[in-house]
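Colleague: So here's entry.pdb, just PDB, C-alpha atoms and all ligand atoms:
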ATOM      1  CA  MET A   1      15.675 -13.254  13.402
ATOM      2  CA  ASN A   2      16.678 -10.650  10.826
ATOM      3  CA  LEU A   3      15.222 -10.513   7.321
ATOM      4  CA  SER A   4      18.312 -11.881   5.546
ATOM      5  CA  ASN A   5      18.518 -14.979   7.785
ATOM      6  CA  PHE A   6      14.745 -15.437   7.664
ATOM      7  CA  LEU A   7      14.825 -15.514   3.859
ATOM      8  CA  LYS A   8      17.805 -17.908   3.851
ATOM      9  CA  ASN A   9      15.620 -20.452   5.717
ATOM     10  CA  LYS A  10      12.746 -20.090   3.225
ATOM     11  CA  ASN A  11      12.646 -21.759  -0.184
ATOM     12  CA  TYR A  12      10.975 -18.791  -1.875
ATOM     13  CA  ASN A  13      12.137 -17.855  -5.368
ATOM     14  CA  SER A  14      15.632 -16.390  -4.915
ATOM     15  CA  GLU A  15      14.959 -13.502  -7.305
ATOM     16  CA  LEU A  16      11.953 -12.432  -5.223
ATOM     17  CA  LYS A  17      14.078 -12.706  -2.076
ATOM     18  CA  ASN A  18      16.630 -10.368  -3.657
ATOM     19  CA  ILE A  19      13.919  -7.846  -4.495
ATOM     20  CA  LEU A  20      12.861  -7.880  -0.837
ATOM     21  CA  LEU A  21      16.504  -7.173   0.087
ATOM     22  CA  ASN A  22      16.523  -4.272  -2.401
ATOM     23  CA  ILE A  23      13.404  -2.849  -0.717
ATOM     24  CA  GLN A  24      15.078  -3.394   2.665
ATOM     25  CA  SER A  25      18.108  -1.284   1.731
ATOM     26  CA  GLY A  26      16.092   1.423  -0.008
ATOM     27  CA  SER A  27      13.692   1.764   2.919
ATOM     28  CA  ILE A  28      16.582   2.082   5.377
ATOM     29  CA  GLU A  29      17.907   4.954   3.240
ATOM     30  CA  VAL A  30      14.452   6.594   3.343
ATOM     31  CA  TYR A  31      14.296   6.003   7.125
ATOM     32  CA  LYS A  32      17.638   7.798   7.525
ATOM     33  CA  LYS A  33      16.472  10.733   5.381
ATOM     34  CA  ILE A  34      13.352  11.128   7.544
ATOM     35  CA  ASN A  35      14.853  10.445  10.979
ATOM     36  CA  GLU A  36      18.614  10.925  10.983
ATOM     37  CA  GLU A  37      19.919  13.276   8.313
ATOM     38  CA  ASN A  38      18.573  16.683   9.049
ATOM     39  CA  ASN A  39      18.912  17.962   5.527
ATOM     40  CA  ASP A  40      15.932  19.551   3.950
ATOM     41  CA  VAL A  41      13.449  16.759   3.148
ATOM     42  CA  LEU A  42      10.273  18.631   4.060
ATOM     43  CA  GLY A  43       8.056  20.781   1.933
ATOM     44  CA  SER A  44       7.136  20.932  -1.718
ATOM     45  CA  SER A  45       9.557  20.396  -4.565
ATOM     46  CA  GLY A  46       7.617  22.989  -6.569
ATOM     47  CA  GLN A  47       6.922  20.367  -9.266
ATOM     48  CA  LYS A  48       3.668  18.609 -10.281
ATOM     49  CA  ASN A  49       3.518  14.908 -11.203
ATOM     50  CA  ILE A  50       1.548  13.053 -13.862
ATOM     51  CA  GLN A  51      -1.365  13.074 -11.438
ATOM     52  CA  ASN A  52      -1.110  16.887 -11.453
ATOM     53  CA  GLU A  53      -0.367  16.701  -7.723
ATOM     54  CA  GLU A  54       2.107  18.832  -5.806
ATOM     55  CA  VAL A  55       5.293  16.722  -5.499
ATOM     56  CA  GLN A  56       6.945  16.846  -2.081
ATOM     57  CA  LYS A  57      10.726  16.789  -1.768
ATOM     58  CA  LEU A  58      10.543  13.426  -0.010
ATOM     59  CA  ASP A  59       8.503  11.970  -2.891
ATOM     60  CA  ILE A  60      11.443  12.612  -5.225
ATOM     61  CA  ILE A  61      14.112  11.585  -2.695
ATOM     62  CA  ALA A  62      12.325   8.257  -2.034
ATOM     63  CA  ASN A  63      11.693   7.722  -5.755
ATOM     64  CA  ASP A  64      15.377   8.220  -6.582
ATOM     65  CA  ILE A  65      16.516   5.965  -3.723
ATOM     66  CA  PHE A  66      14.349   3.015  -4.769
ATOM     67  CA  ILE A  67      15.064   3.374  -8.495
ATOM     68  CA  ASP A  68      18.779   3.392  -7.661
ATOM     69  CA  CYS A  69      18.379   0.210  -5.555
ATOM     70  CA  PHE A  70      16.386  -1.580  -8.261
ATOM     71  CA  SER A  71      18.795  -0.486 -11.030
ATOM     72  CA  LYS A  72      21.479  -2.679  -9.392
ATOM     73  CA  ASN A  73      19.317  -5.813  -9.722
ATOM     74  CA  SER A  74      19.540  -7.303 -13.226
ATOM     75  CA  THR A  75      16.378  -9.386 -12.722
ATOM     76  CA  ILE A  76      14.234  -6.208 -12.745
ATOM     77  CA  HIS A  77      13.016  -5.300 -16.224
ATOM     78  CA  SER A  78      11.365  -1.964 -15.420
ATOM     79  CA  VAL A  79       9.743   0.174 -12.745
ATOM     80  CA  LEU A  80       6.388   1.959 -12.862
ATOM     81  CA  SER A  81       6.358   4.776 -10.297
ATOM     82  CA  GLU A  82       3.596   7.095  -9.179
ATOM     83  CA  GLU A  83       6.120   9.902  -9.692
ATOM     84  CA  ASN A  84       7.001   9.115 -13.337
ATOM     85  CA  GLU A  85       4.595   9.243 -16.291
ATOM     86  CA  ASP A  86       6.535   6.562 -18.199
ATOM     87  CA  THR A  87       8.119   3.366 -16.924
ATOM     88  CA  ILE A  88      11.807   3.422 -16.011
ATOM     89  CA  ASP A  89      13.495   0.700 -18.090
ATOM     90  CA  LEU A  90      16.291  -1.108 -16.244
ATOM     91  CA  SER A  91      17.399  -4.527 -17.498
ATOM     92  CA  ASN A  92      16.141  -5.807 -20.845
ATOM     93  CA  SER A  93      16.576  -9.431 -19.766
ATOM     94  CA  GLY A  94      14.869  -8.801 -16.410
ATOM     95  CA  LYS A  95      12.062 -11.169 -15.462
ATOM     96  CA  TYR A  96      10.250  -8.872 -13.015
ATOM     97  CA  LEU A  97       8.293  -5.639 -13.084
ATOM     98  CA  ILE A  98       8.047  -3.396 -10.009
ATOM     99  CA  ALA A  99       5.176  -0.914  -9.603
ATOM    100  CA  MET A 100       5.659   1.458  -6.706
ATOM    101  CA  ASP A 101       4.344   4.370  -4.733
ATOM    102  CA  PRO A 102       7.675   5.494  -3.292
ATOM    103  CA  LEU A 103       6.147   7.808  -0.723
ATOM    104  CA  ASP A 104       2.503   7.280   0.243
ATOM    105  CA  GLY A 105       0.757   9.900   2.356
ATOM    106  CA  SER A 106       2.709  12.898   1.056
ATOM    107  CA  SER A 107       0.262  15.352   2.622
ATOM    108  CA  ASN A 108       1.405  14.051   6.024
ATOM    109  CA  ILE A 109       5.184  14.394   5.591
ATOM    110  CA  ASP A 110       5.417  17.885   7.086
ATOM    111  CA  VAL A 111       3.111  17.190  10.036
ATOM    112  CA  ASN A 112       4.824  14.065  11.400
ATOM    113  CA  ILE A 113       2.039  11.606  10.621
ATOM    114  CA  PRO A 114       3.188   8.146   9.389
ATOM    115  CA  VAL A 115       3.911   7.759   5.673
ATOM    116  CA  GLY A 116       4.877   4.691   3.643
ATOM    117  CA  SER A 117       6.286   3.094   0.474
ATOM    118  CA  ILE A 118       4.274   0.507  -1.480
ATOM    119  CA  PHE A 119       5.549  -2.134  -3.970
ATOM    120  CA  SER A 120       3.865  -4.580  -6.334
ATOM    121  CA  ILE A 121       5.976  -7.228  -8.091
ATOM    122  CA  LEU A 122       4.769  -8.900 -11.317
ATOM    123  CA  GLU A 123       6.432 -11.200 -13.805
ATOM    124  CA  ASN A 124       7.121  -9.447 -17.096
ATOM    125  CA  ASN A 125       4.937 -10.594 -19.996
ATOM    126  CA  ILE A 126       3.317  -9.176 -23.132
ATOM    127  CA  ASN A 127       0.818  -7.253 -20.989
ATOM    128  CA  HIS A 128       3.661  -5.543 -19.149
ATOM    129  CA  PHE A 129       2.192  -3.607 -16.172
ATOM    130  CA  LEU A 130      -1.405  -3.996 -17.405
ATOM    131  CA  GLN A 131      -1.990  -7.284 -15.557
ATOM    132  CA  ALA A 132      -4.721  -8.086 -13.017
ATOM    133  CA  GLY A 133      -3.469  -7.893  -9.433
ATOM    134  CA  LYS A 134      -4.108 -11.611  -8.867
ATOM    135  CA  HIS A 135      -0.941 -12.243 -10.930
ATOM    136  CA  GLN A 136       1.316 -10.489  -8.416
ATOM    137  CA  LYS A 137       4.215 -12.618  -7.119
ATOM    138  CA  LEU A 138       4.985 -10.424  -4.126
ATOM    139  CA  ALA A 139       3.558  -7.304  -2.487
ATOM    140  CA  CYS A 140       5.227  -5.166   0.151
ATOM    141  CA  TYR A 141       4.858  -1.917   2.025
ATOM    142  CA  VAL A 142       7.018  -0.077   4.515
ATOM    143  CA  ILE A 143       5.442   2.216   7.104
ATOM    144  CA  TYR A 144       7.660   4.960   8.573
ATOM    145  CA  GLY A 145       5.878   5.633  11.856
ATOM    146  CA  THR A 146       6.566   5.336  15.584
ATOM    147  CA  SER A 147       8.654   2.436  14.328
ATOM    148  CA  THR A 148       9.592   1.505  10.773
ATOM    149  CA  VAL A 149       7.896  -1.726   9.752
ATOM    150  CA  MET A 150       8.205  -3.722   6.514
ATOM    151  CA  VAL A 151       5.204  -5.923   5.673
ATOM    152  CA  PHE A 152       5.112  -8.345   2.752
ATOM    153  CA  ALA A 153       2.913 -11.098   1.339
ATOM    154  CA  ILE A 154       4.452 -14.017  -0.538
ATOM    155  CA  GLU A 155       2.963 -17.479  -1.244
ATOM    156  CA  ASN A 156      -0.158 -17.002   0.955
ATOM    157  CA  ASP A 157       1.686 -15.724   4.027
ATOM    158  CA  VAL A 158       2.009 -12.207   5.446
ATOM    159  CA  PHE A 159       5.015 -11.236   7.573
ATOM    160  CA  SER A 160       6.120  -8.062   9.313
ATOM    161  CA  PHE A 161       9.647  -7.007  10.221
ATOM    162  CA  THR A 162      10.476  -4.080  12.505
ATOM    163  CA  LEU A 163      13.604  -1.975  11.947
ATOM    164  CA  ASN A 164      16.142  -2.020  14.774
ATOM    165  CA  THR A 165      17.316   1.563  14.349
ATOM    166  CA  LYS A 166      20.645   0.911  16.080
ATOM    167  CA  THR A 167      21.778  -2.095  14.023
ATOM    168  CA  LYS A 168      19.726  -1.075  10.936
ATOM    169  CA  GLU A 169      18.396  -4.629  10.688
ATOM    170  CA  TYR A 170      14.788  -5.613  10.118
ATOM    171  CA  ILE A 171      13.775  -8.125  12.814
ATOM    172  CA  LEU A 172      10.803 -10.510  12.438
ATOM    173  CA  SER A 173       7.890  -9.098  14.424
ATOM    174  CA  HIS A 174       4.902 -11.091  13.103
ATOM    175  CA  ASP A 175       5.186 -14.401  11.243
ATOM    176  CA  ASN A 176       1.592 -14.994  10.207
ATOM    177  CA  ILE A 177      -0.603 -11.901  10.070
ATOM    178  CA  LYS A 178      -4.334 -12.611   9.772
ATOM    179  CA  THR A 179      -6.947  -9.844   9.905
ATOM    180  CA  PRO A 180      -9.850 -10.401  12.352
ATOM    181  CA  GLU A 181     -13.083 -11.393  10.517
ATOM    182  CA  ASP A 182     -14.816  -8.463  12.210
ATOM    183  CA  GLY A 183     -13.744  -5.051  13.460
ATOM    184  CA  THR A 184     -14.962  -1.824  15.015
ATOM    185  CA  ILE A 185     -12.909   0.698  12.998
ATOM    186  CA  PHE A 186     -14.200   2.477   9.892
ATOM    187  CA  SER A 187     -11.840   4.648   7.856
ATOM    188  CA  ILE A 188     -13.325   7.141   5.407
ATOM    189  CA  ASN A 189     -12.661  10.798   4.601
ATOM    190  CA  GLU A 190     -15.973  12.334   5.707
ATOM    191  CA  GLY A 191     -15.048  15.488   3.794
ATOM    192  CA  ASN A 192     -16.320  13.606   0.716
ATOM    193  CA  TYR A 193     -19.680  12.786   2.322
ATOM    194  CA  ASN A 194     -21.767  15.036   0.084
ATOM    195  CA  SER A 195     -20.523  13.461  -3.122
ATOM    196  CA  ILE A 196     -20.421   9.716  -2.480
ATOM    197  CA  ASP A 197     -22.944   6.915  -3.031
ATOM    198  CA  ASN A 198     -25.715   7.038  -0.420
ATOM    199  CA  ARG A 199     -25.385   3.308   0.235
ATOM    200  CA  ILE A 200     -21.937   3.963   1.710
ATOM    201  CA  ILE A 201     -23.361   6.650   3.997
ATOM    202  CA  GLU A 202     -26.098   4.179   5.007
ATOM    203  CA  TYR A 203     -23.411   1.633   5.976
ATOM    204  CA  VAL A 204     -21.303   4.153   7.903
ATOM    205  CA  ASN A 205     -24.407   5.414   9.724
ATOM    206  CA  ILE A 206     -25.047   1.863  10.920
ATOM    207  CA  CYS A 207     -21.461   1.808  12.240
ATOM    208  CA  LYS A 208     -22.332   4.999  14.149
ATOM    209  CA  ASN A 209     -25.402   3.440  15.835
ATOM    210  CA  LEU A 210     -25.191   3.161  19.619
ATOM    211  CA  ASN A 211     -25.735  -0.191  21.292
ATOM    212  CA  SER A 212     -28.600  -0.947  23.707
ATOM    213  CA  SER A 213     -26.674   0.621  26.596
ATOM    214  CA  GLY A 214     -26.136   3.795  24.578
ATOM    215  CA  LYS A 215     -22.476   3.106  23.947
ATOM    216  CA  ARG A 216     -20.815   3.521  20.557
ATOM    217  CA  THR A 217     -20.197   0.295  18.631
ATOM    218  CA  HIS A 218     -17.463   1.532  16.256
ATOM    219  CA  THR A 219     -14.781   4.221  16.056
ATOM    220  CA  GLY A 220     -13.708   6.376  13.130
ATOM    221  CA  ARG A 221     -10.002   6.520  12.237
ATOM    222  CA  PHE A 222      -8.665   8.171   9.045
ATOM    223  CA  VAL A 223      -5.131   9.593   8.930
ATOM    224  CA  GLY A 224      -4.807  10.202   5.178
ATOM    225  CA  SER A 225      -1.925   7.771   4.580
ATOM    226  CA  LEU A 226      -3.304   4.596   2.987
ATOM    227  CA  VAL A 227      -0.421   2.521   4.391
ATOM    228  CA  ALA A 228      -1.064   3.722   7.977
ATOM    229  CA  ASP A 229      -4.855   3.355   7.774
ATOM    230  CA  PHE A 230      -4.513  -0.102   6.223
ATOM    231  CA  HIS A 231      -1.795  -1.319   8.626
ATOM    232  CA  ARG A 232      -3.904  -0.461  11.694
ATOM    233  CA  ASN A 233      -7.045  -2.091  10.271
ATOM    234  CA  MET A 234      -5.128  -5.186   9.069
ATOM    235  CA  LEU A 235      -3.868  -5.835  12.602
ATOM    236  CA  LYS A 236      -6.924  -4.799  14.626
ATOM    237  CA  GLY A 237      -9.788  -5.387  12.170
ATOM    238  CA  GLY A 238     -11.623  -2.596  10.379
ATOM    239  CA  ILE A 239     -12.718  -1.272   6.997
ATOM    240  CA  PHE A 240     -11.107   1.379   4.752
ATOM    241  CA  ILE A 241     -13.355   3.053   2.175
ATOM    242  CA  TYR A 242     -12.241   5.437  -0.577
ATOM    243  CA  PRO A 243     -15.127   5.529  -3.101
ATOM    244  CA  LYS A 244     -15.510   7.576  -6.242
ATOM    245  CA  THR A 245     -16.405  11.196  -5.472
ATOM    246  CA  SER A 246     -17.471  14.225  -7.547
ATOM    247  CA  ASP A 247     -13.892  15.418  -7.947
ATOM    248  CA  LYS A 248     -12.466  11.893  -8.204
ATOM    249  CA  PRO A 249     -14.974  10.097 -10.475
ATOM    250  CA  HIS A 250     -12.712   7.010 -10.675
ATOM    251  CA  GLY A 251     -11.647   7.164  -7.023
ATOM    252  CA  GLN A 252      -8.497   8.656  -5.509
ATOM    253  CA  LEU A 253      -6.243   5.604  -5.190
ATOM    254  CA  ARG A 254      -4.175   4.179  -8.033
ATOM    255  CA  LEU A 255      -4.937   0.567  -8.953
ATOM    256  CA  ILE A 256      -1.533  -0.809  -9.963
ATOM    257  CA  TYR A 257       0.781   0.560  -7.267
ATOM    258  CA  GLU A 258      -1.532   1.323  -4.327
ATOM    259  CA  CYS A 259      -4.673  -0.850  -4.416
ATOM    260  CA  ASN A 260      -3.266  -4.063  -5.958
ATOM    261  CA  PRO A 261      -0.371  -4.548  -3.510
ATOM    262  CA  ILE A 262      -2.554  -3.655  -0.509
ATOM    263  CA  ALA A 263      -5.330  -5.956  -1.805
ATOM    264  CA  PHE A 264      -2.809  -8.806  -2.303
ATOM    265  CA  ILE A 265      -1.547  -8.423   1.271
ATOM    266  CA  ALA A 266      -5.138  -8.193   2.545
ATOM    267  CA  LYS A 267      -6.147 -11.384   0.691
ATOM    268  CA  ASN A 268      -3.215 -13.294   2.182
ATOM    269  CA  ALA A 269      -4.222 -11.998   5.620
ATOM    270  CA  ASN A 270      -7.748 -13.430   5.099
ATOM    271  CA  ALA A 271      -9.214  -9.967   4.539
ATOM    272  CA  LYS A 272     -11.167  -8.729   1.505
ATOM    273  CA  SER A 273     -11.008  -5.878  -1.037
ATOM    274  CA  THR A 274     -13.378  -4.610  -3.694
ATOM    275  CA  SER A 275     -13.979  -1.664  -6.032
ATOM    276  CA  LEU A 276     -17.671  -2.121  -5.084
ATOM    277  CA  ASP A 277     -18.100  -3.485  -8.645
ATOM    278  CA  GLN A 278     -15.590  -6.337  -8.487
ATOM    279  CA  ASP A 279     -12.688  -7.882  -6.589
ATOM    280  CA  ILE A 280      -9.758  -5.461  -6.874
ATOM    281  CA  LEU A 281      -7.376  -8.284  -7.861
ATOM    282  CA  SER A 282      -9.504  -9.206 -10.894
ATOM    283  CA  ILE A 283      -9.478  -5.726 -12.486
ATOM    284  CA  ILE A 284      -7.458  -5.722 -15.736
ATOM    285  CA  PRO A 285      -5.877  -2.245 -15.967
ATOM    286  CA  SER A 286      -6.105  -0.295 -19.237
ATOM    287  CA  LYS A 287      -3.870   2.607 -18.124
ATOM    288  CA  MET A 288      -0.794   2.529 -15.891
ATOM    289  CA  HIS A 289      -1.884   5.373 -13.586
ATOM    290  CA  GLN A 290      -5.581   4.561 -13.507
ATOM    291  CA  ARG A 291      -7.505   5.053 -10.284
ATOM    292  CA  THR A 292     -10.218   2.859  -8.744
ATOM    293  CA  PRO A 293     -12.724   3.096  -5.929
ATOM    294  CA  PHE A 294     -11.188   1.041  -3.093
ATOM    295  CA  VAL A 295     -12.632  -0.795  -0.093
ATOM    296  CA  VAL A 296     -10.438  -3.131   1.968
ATOM    297  CA  GLY A 297     -10.709  -4.727   5.400
ATOM    298  CA  SER A 298     -12.276  -7.376   7.614
ATOM    299  CA  ASN A 299     -14.314  -9.896   5.660
ATOM    300  CA  ASN A 300     -17.575  -9.432   7.554
ATOM    301  CA  MET A 301     -17.393  -5.628   7.372
ATOM    302  CA  VAL A 302     -16.676  -5.574   3.617
ATOM    303  CA  ASN A 303     -19.430  -8.148   2.998
ATOM    304  CA  LYS A 304     -21.868  -6.054   5.048
ATOM    305  CA  LEU A 305     -21.087  -2.971   2.929
ATOM    306  CA  LEU A 306     -21.357  -5.038  -0.281
ATOM    307  CA  SER A 307     -24.795  -6.278   0.848
ATOM    308  CA  PHE A 308     -26.041  -2.714   0.295
ATOM    309  CA  PHE A 309     -24.825  -2.946  -3.312
ATOM    310  CA  ASN A 310     -26.107  -6.401  -4.259
TER     311      ASN A 310
HETATM  312  P1  LIG B 401       0.005   9.756  -2.095
HETATM  313  O1  LIG B 401       0.549  10.588  -0.979
HETATM  314  O2  LIG B 401       0.946   8.689  -2.540
HETATM  315  O3  LIG B 401      -0.536  10.592  -3.226
HETATM  316  O4  LIG B 401      -1.233   8.944  -1.516
HETATM  317  C1  LIG B 401      -2.204   9.611  -0.799
HETATM  318  C2  LIG B 401      -3.456   8.786  -0.833
HETATM  319  C3  LIG B 401      -3.533   7.770   0.287
HETATM  320  O5  LIG B 401      -2.335   7.561   0.966
HETATM  321  C4  LIG B 401      -4.580   8.323   1.220
HETATM  322  O6  LIG B 401      -5.377   7.313   1.757
HETATM  323  C5  LIG B 401      -5.387   9.227   0.319
HETATM  324  O7  LIG B 401      -4.528   9.688  -0.702
HETATM  325  C6  LIG B 401      -5.936  10.403   1.078
HETATM  326  O8  LIG B 401      -6.722  11.140   0.159
HETATM  327  P2  LIG B 401      -7.541  12.394   0.744
HETATM  328  O9  LIG B 401      -6.508  13.392   1.148
HETATM  329  O10 LIG B 401      -8.397  12.814  -0.413
HETATM  330  O11 LIG B 401      -8.352  11.868   1.896
HETATM  331 MN    MN B 402      -0.097   6.891  -2.269
HETATM  332 MN    MN B 403       2.897   8.770  -3.320
END
Go ahead and express the file in the form of C-alpha cells.

Modeller:
Amino acid sequence: MNLSNFLKNKNYNSELKNILLNIQSGSIEVYKKINEENNDVLGSSGQKNIQNEEVQKLDIIANDIFIDCFSKNSTIHSVLSEENEDTIDLSNSGKYLIAMDPLDGSSNIDVNIPVGSIFSILENNINHFLQAGKHQKLACYVIYGTSTVMVFAIENDVFSFTLNTKTKEYILSHDNIKTPEDGTIFSINEGNYNSIDNRIIEYVNICKNLNSSGKRTHTGRFVGSLVADFHRNMLKGGIFIYPKTSDKPHGQLRLIYECNPIAFIAKNANAKSTSLDQDILSIIPSKMHQRTPFVVGSNNMVNKLLSFFN
C-alpha cells in the first residue's frame, strides 16, 4: 500500500496527514537531486550557518526544497531550520510549526554514506518553538541510503515506507516498529574519548568485554549520520551516545530538530532517550538552536548506562 492510500484509511488529523504528504514530495525531490539529476550537488557551498558550520550545497538544496513544499500548505505557521538563524514565517493563520534538519549527516554527502532529513511537528502556541518535545504531534525522518525510507511516529505508532524509485511512490514496509529491549550495538564517536564523562567510558568498556568463551558481546557502529545510526539501532537494538565533550560543552546534536523528533520516534517504538540529566522529551528549550547531550536506544541498554549516573 502506498502512503496516500494508507493515510486515507487512517483517521489521523487531516492536517498532519497533509504535512506527511508535503514531506513525501519534498523528500522525493531530494532523492532525485542525490540519485538522478547529475547536476552539482556535492561539495561545500562556501557559506557558514548559524552553527558556524561549513554548509554543503545539498544542505541548501534540501532546505529550499522543503521550505518550498511547506510554503504551499496554509496550515503551517512557520519553519525552524538548522540552516536558518531565524524562523521562516509562512502562514499567519497556520496551526502547525515545523522544525527541521533538512540534510542530516552533511559530512557524509561526498563519500556516499547515508544521509537524512528530520522533521518535528508542533502545534503553534505562545511558546512557539520553545516547547518540550513531549508536545510533538508528529515526528518524521527520511533516510537516503541503499534505499530511501520514510519513518514517522504518530499517535503511539511508528511506520516505515520505502520509496519505489520507478513509480516514485512510498510503499508501506513496516507497520509497527518496536525496538528490541536489548541490543549488541553501541554507537559513539571514540574520537571524543579523552573529553567525555568517565562513566560513559566505563559503560562502553563493559560492552567491549568478551564473554566466557572469549567472544565479543557487542559491536561498535558509528557512521556520523544521526539518522543512519538511529535507524539501524531502532530496528536491530542498540544504543547511540553523543555526550557533551570539551569542544561541545552542550553536546553536538540540536534539541528541537534532531533530538526531539528522534526521541519521539524512539518512545513510540518502546525505546528510550535521555540527556543523561533528564528525559529528552521533557527538556523545555530556551534557545531555538540549542544543543543537548543525547543518548537513545534499547531500554535495557539506556537504563544500564543511566545506572552509572544514578
Ligand atoms: P548535520 O550534518 O545535520 O550537522 O548533523 C551531523 C550530526 C549527526 O548527524 C551526527 O550523528 C553527528 O553530527 C556526528 O558528529 P561528529 O562528526 O562530531 O561525530
Ligand atoms: Mn543533523
Ligand atoms: Mn543538517

Colleague: Within 12 Å of (-21.5, -3.9, 2.6), in the coordinates the file gives, what residues turn up when you count all atoms listed in the file, written out as an NGL selection string?

Modeller: :A and (199-204 or 206-207 or 239-241 or 272-277 or 295-310)

Colleague: For ligand LIG 401 (chain B), take all atoms listed in the file, fit an axis-aligned box around them, add 8 Å to each of the six sides, then output centre and edge lengths in Å rounded to one decimal, as AutoDock Vina command-line options.

Modeller:
--center_x -3.7 --center_y 10.4 --center_z -0.7 --size_x 25.3 --size_y 22.1 --size_z 21.1

Colleague: Would you kindly translate the PyMOL selection byres (((chain A and resi 148-154) around 10) and not hetatm) into the concrete residues it picks from this file, as a compact mmCIF listing (two decimals) with C-alpha atoms, in the frame of the given file?

Modeller:
# COMPACT_ATOMS: atom_id res chain seq x y z
CA LEU A 3 15.22 -10.51 7.32
CA TYR A 12 10.98 -18.79 -1.88
CA ASN A 13 12.14 -17.86 -5.37
CA LEU A 16 11.95 -12.43 -5.22
CA LYS A 17 14.08 -12.71 -2.08
CA LEU A 20 12.86 -7.88 -0.84
CA ILE A 23 13.40 -2.85 -0.72
CA GLN A 24 15.08 -3.39 2.66
CA SER A 27 13.69 1.76 2.92
CA ILE A 28 16.58 2.08 5.38
CA TYR A 31 14.30 6.00 7.12
CA PRO A 114 3.19 8.15 9.39
CA VAL A 115 3.91 7.76 5.67
CA GLY A 116 4.88 4.69 3.64
CA SER A 117 6.29 3.09 0.47
CA ILE A 118 4.27 0.51 -1.48
CA PHE A 119 5.55 -2.13 -3.97
CA SER A 120 3.86 -4.58 -6.33
CA GLN A 136 1.32 -10.49 -8.42
CA LYS A 137 4.22 -12.62 -7.12
CA LEU A 138 4.99 -10.42 -4.13
CA ALA A 139 3.56 -7.30 -2.49
CA CYS A 140 5.23 -5.17 0.15
CA TYR A 141 4.86 -1.92 2.02
CA VAL A 142 7.02 -0.08 4.51
CA ILE A 143 5.44 2.22 7.10
CA TYR A 144 7.66 4.96 8.57
CA GLY A 145 5.88 5.63 11.86
CA THR A 146 6.57 5.34 15.58
CA SER A 147 8.65 2.44 14.33
CA GLU A 155 2.96 -17.48 -1.24
CA ASN A 156 -0.16 -17.00 0.96
CA ASP A 157 1.69 -15.72 4.03
CA VAL A 158 2.01 -12.21 5.45
CA PHE A 159 5.01 -11.24 7.57
CA SER A 160 6.12 -8.06 9.31
CA PHE A 161 9.65 -7.01 10.22
CA THR A 162 10.48 -4.08 12.50
CA LEU A 163 13.60 -1.98 11.95
CA ASN A 164 16.14 -2.02 14.77
CA THR A 165 17.32 1.56 14.35
CA TYR A 170 14.79 -5.61 10.12
CA ILE A 171 13.78 -8.12 12.81
CA LEU A 172 10.80 -10.51 12.44
CA SER A 173 7.89 -9.10 14.42
CA HIS A 174 4.90 -11.09 13.10
CA ASN A 176 1.59 -14.99 10.21
CA ILE A 177 -0.60 -11.90 10.07
CA HIS A 231 -1.80 -1.32 8.63
CA PRO A 261 -0.37 -4.55 -3.51
CA ILE A 262 -2.55 -3.66 -0.51
CA PHE A 264 -2.81 -8.81 -2.30
CA ILE A 265 -1.55 -8.42 1.27
CA ALA A 266 -5.14 -8.19 2.54
CA LYS A 267 -6.15 -11.38 0.69
CA ASN A 268 -3.22 -13.29 2.18
CA ALA A 269 -4.22 -12.00 5.62

Colleague: Kindly assemble as a tab-separated table a list of the range 160-274 of chain A residues that lie within 10 Å of range 78-83 of chain A, each paired with its nearest atom pair and their distance in Å to one decimal, using only C-alpha atoms, sorted first by chain and then by ascending residue number.

Modeller:
residue	atom	partner	partner_atom	distance
A:Arg254	CA	A:Glu82	CA	8.4
A:Ile256	CA	A:Leu80	CA	8.9
A:Tyr257	CA	A:Glu82	CA	7.4
A:Glu258	CA	A:Glu82	CA	9.1

Colleague: Write out, as a tab-separated table, each residue of chain A that has an atom at most 7 Å from ligand MN 402 (chain B), together with the closest pair of atoms and their distance in Å to one decimal, counting only C-alpha atoms and all ligand atoms, rows going by chain and rising number.

Modeller:
residue	atom	partner	partner_atom	distance
A:Asp101	CA	B:MN402	MN	5.7
A:Leu103	CA	B:MN402	MN	6.5
A:Asp104	CA	B:MN402	MN	3.6
A:Gly105	CA	B:MN402	MN	5.6
A:Leu226	CA	B:MN402	MN	6.6
A:Leu253	CA	B:MN402	MN	6.9
A:Glu258	CA	B:MN402	MN	6.1

Colleague: Could you tell me which of A:Ala62, A:Leu21, A:Cys69, A:Ile98 comes closest to Val41 in chain A if we count all atoms listed in the file?

Modeller: A:Ala62

Colleague: Find the residues around Pro243 in chain A up to 10 Å (all atoms listed in the file counted), leave out those fewer than 5 positions away in its own chain, and share them as a list in words.

Modeller: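 Counting only the stated atoms, we get Ile188, Asn189, Asn192, Ser195, Ile196, Asp197, Ile200, Lys248, Pro249, His250, Gly251, Gln252, Leu253, Ser275, Leu276, Thr292, Pro293, Phe294 and Val295 of chain A.
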
Colleague: Rounded to one decimal, what separation in Å do you get between CA of Ser225 in chain A and CA of Phe70 in chain A?

Modeller: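 We find that CA of Ser225 in chain A and CA of Phe70 in chain A lie 24.2 Å from each other.
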
Colleague: How many Å separate CA of Lys95 in chain A from CA of Lys8 in chain A?

Modeller: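 According to the coordinates, CA of Lys95 in chain A and CA of Lys8 in chain A are separated by 21.2 Å.
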
Colleague: For each of A:Asn52, A:Asn63, A:Gln47, A:Asn124, take the minimum atom-to-atom distance to His77 in chain A, counting only C-alpha atoms, then give the residue where this is smallest.

Modeller: A:Asn124

Colleague: Could you jot down the CA of Lys57 in chain A to CA of Leu42 in chain A separation for me, Å, one decimal place?

Modeller: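 Between CA of Lys57 in chain A and CA of Leu42 in chain A the gap is 6.1 Å.
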
Colleague: For ligand LIG 401 (chain B), which residue out of A:Asp175, A:Glu169, A:Glu54, A:Glu123 is the nearest one, using all atoms listed in the file?

Modeller: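 When distances to ligand LIG 401 (chain B) are compared using all atoms listed in the file, the smallest one comes from A:Glu54.
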
Colleague: So that I can see what lies close to Lys208 in chain A, please list as a list in words the residues with an atom at most 7 Å from it, counting all atoms listed in the file and leaving out residues fewer than 5 positions away in the same chain.

Modeller: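 Residues meeting the cut-off are Arg216, Thr217 and His218 of chain A.
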
Colleague: Written as a PyMOL selection string, which residues does the PyMOL selection byres (((chain A and resi 55) around 9) and not hetatm) give for the file shown?

Modeller: chain A and resi 43-49+52-54+56-60+83+106
